Every structure is written in C-alpha cells, then in structure tokens.
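Engineer: Starting off with a structure, shown below.
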Amino acid sequence: MSQFLKFVLPKALESPTAIAPNLRIHTRERRYWVEKIEPVRRLLLAHGAPMEYTPGRTETLLTTVYLDTPEGTWSQGASSVKFRCRRYQDSDTWWFELKRRVSGVVDKWRRPVAASELAALLTGANRPELIEHFTDGQPLRPLFATRYYRTAFQWPGGLRVTLDRDIAFYHVEREAPFEFRRRIGGLEGYVIEVKVEGLGPLWLAEALVEYRINEFSKSKRALSALRGTT
C-alpha cells in the first residue's frame, strides 16, 4: 500500500482481510491523445490480447460521474484528490473511486457500491472514514459525466494499457446525478492510458516517441466544456 493511503485509511481497512488488494492501486500513469489508433492497436495486439471486463466482450462502455464538495476542492485547484463513481457497461454495480495524481504517480482507493446505495454514499451518515477525511465531512455533488468505449490490455508485472474512443461529456443534475440528459462536449480520436511502475517495456516507449502522442486529461477537458470555455 502506498504511504498516501496508509496514512489516511481507517485502521479497520489496514487488515489484509478487510478489503481486496485490487481495491488499492498505486502506479505511474501517463495519458496521451492520438488521432489514428491502428498503428498502436497493431503493436499492442502483437504483444498481447485485450481483456474482457464482460465475458465475451473486449470493448466496454465506461460511464464515470465526477463529484466534488459544494465549494469545490479538486475542481477549483485546491486539492489533487478527485472523487468519482464509475460503471462498466450496464452493470448494477458502481465503483466509488478516490484518486490522487501527482507528477504522473497515481494513488487510488475504490469500493463497489450498489446503485441503491449511491445517494447515501454521497451525502449520508456512516460514510467510509476515507471519504470523510478528504471532504472534511461535506456532501459530494455531481459535476459532470464522461462516457466512452474502452479496450484494455494487461501484462504480468503490472503493465496496463487502455484505449478509449467516442469520448463524450454530459451535464448532470443534482437531483439525478446518474442520469445523463444533455451532452456538453466530446473528443474525437483516442485517449491512451499507460499504467506501469517505471518506464515500461522498450517496444512501448519507442512507439510513444515515434507517434508523437501528446499528454491529455479527460477531466480537464470536461471541466472546460462544463464552464463553456471550449
């Protein structure tokens, strides 16, 4: 576990039997945008096969609702810790995620939440201590949502590469934060995320240099769309 999470996790969660290890993530993450994906896709397929979030499906629809306190913390630049809820395809289960990214290093804590429990998680009592710590006890409110299709590759040793396409941003209502009625923007092309400790394999590093892929942030782009600056 990273020192960041060890410092703030409640004592009950520090037991190795209290929470599954894959609910705590510590890695280096780089994101890029590329217009033409086929050279990268062929390279990835030459070294591995895509994962199946859903059995029989190698591409999955991801829906993510970004949250913040009423005054704003990360969305106003006052904190590097983001709050969000994510769903894979049409599952009844959402994943609440608390994520911090500093200089490309990501610490993430996540837990599964049934759709019926989402409202209590955002505003109710008895929330996990980790959420209370970073919100200072304030409720969480929806900011915007993103939706896109993801293909993911993973290798032994922790290397993970994802390809996201058809990225769309949505306005969300406070009264119905998990319903999406109005599209406010989007992005053509693909966003590539590389998650690995260290630099990763040479074949991947060389590809990123060759294709001159640029750093990119989906949440920053969505915030700009929300504020009407794009």
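For the structure tokens, the naming scheme is as follows: chains receive sequential letters (A, B, ...) according to their order of presentation, residues are indexed from 1 within each chain, and ligands are indexed from 1 in presentation order.
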Per residue of region 70-97 of chain A within 12 Å of region 173-183 of chain A, record the nearest atom pair and its distance in Å to one decimal, counting only C-alpha atoms, with rows in chain order and ascending residue number, as JSON lines.

Structural biologist:
```
{"residue": "A:Pro70", "atom": "CA", "partner": "A:Arg174", "partner_atom": "CA", "distance": 10.9}
{"residue": "A:Arg84", "atom": "CA", "partner": "A:Pro177", "partner_atom": "CA", "distance": 11.4}
{"residue": "A:Cys85", "atom": "CA", "partner": "A:Phe178", "partner_atom": "CA", "distance": 9.2}
{"residue": "A:Arg86", "atom": "CA", "partner": "A:Phe178", "partner_atom": "CA", "distance": 10.1}
{"residue": "A:Arg87", "atom": "CA", "partner": "A:Phe178", "partner_atom": "CA", "distance": 10.1}
{"residue": "A:Asp92", "atom": "CA", "partner": "A:Phe178", "partner_atom": "CA", "distance": 11.9}
{"residue": "A:Trp94", "atom": "CA", "partner": "A:Phe178", "partner_atom": "CA", "distance": 10.3}
```

Engineer: So that I can see what lies close to Trp95 (chain A), please list as a count of residues only the residues with an atom at most 10 Å from it, counting only C-alpha atoms and leaving out residues fewer than 2 positions away in the same chain.

Structural biologist: 18

Engineer: Compile the contact shell of Lys220 (chain A) as a ChimeraX atom specification: residues with an atom at most 12 Å away, counting only C-alpha atoms, same-chain residues fewer than 5 positions apart removed.

Structural biologist: /A:66,74-77,82,143-144,146,169,186,215,225-227,229-230

Engineer: Work out how far CA of Gly104 (chain A) is from CA of Gln138 (chain A), in Å to one decimal.

Structural biologist: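 Going from CA of Gln138 (chain A) over to CA of Gly104 (chain A), I get 27.7 Å.
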
Engineer: As JSON, numbers by chain, list the residues of region 188-227 of chain A assigned to helix (DSSP H, G or I) by DSSP on the backbone atoms of this structure.

Structural biologist: {"A": [202, 203, 204, 205, 206, 207, 208, 209, 210, 218, 219, 220, 221, 222, 223, 224, 225, 226]}

Engineer: May I ask for the distance between CA of Tyr148 (chain A) and CA of Leu61 (chain A), given in Å to one decimal place?

Structural biologist: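 Here the two named atoms are 5.7 Å from each other.
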
Engineer: For Glu71 (chain A), work out the shell of residues within 12 Å, counting only C-alpha atoms and skipping chain neighbours fewer than 6 positions away, then give it as a list of chain:residue names.

Structural biologist: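 Using only C-alpha atoms, the neighbours found are A:Gly77, A:Ala78, A:Ser79, A:Thr135, A:Asp136, A:Gln138, A:Pro139, A:Leu140, A:Arg141, A:Leu143.
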
Engineer: Take CA of Val209 (chain A) and CA of Arg165 (chain A) and report the distance between them in Å, one decimal.

Structural biologist: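 Between CA of Val209 (chain A) and CA of Arg165 (chain A) the gap works out to 21.0 Å.
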
Engineer: Taking only C-alpha atoms into account, which of A:Arg30, A:Arg42, A:Arg160, A:Arg150 comes nearest Val102 (chain A)?

Structural biologist: A:Arg30

Engineer: So, with only C-alpha atoms as the atoms that count, which of A:Ile184, A:Trp33, A:Phe153, A:Ile192 lies closest to Pro50 (chain A)?

Structural biologist: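 Of A:Ile184, A:Trp33, A:Phe153, A:Ile192, the one nearest Pro50 (chain A) is A:Phe153, counting only C-alpha atoms.
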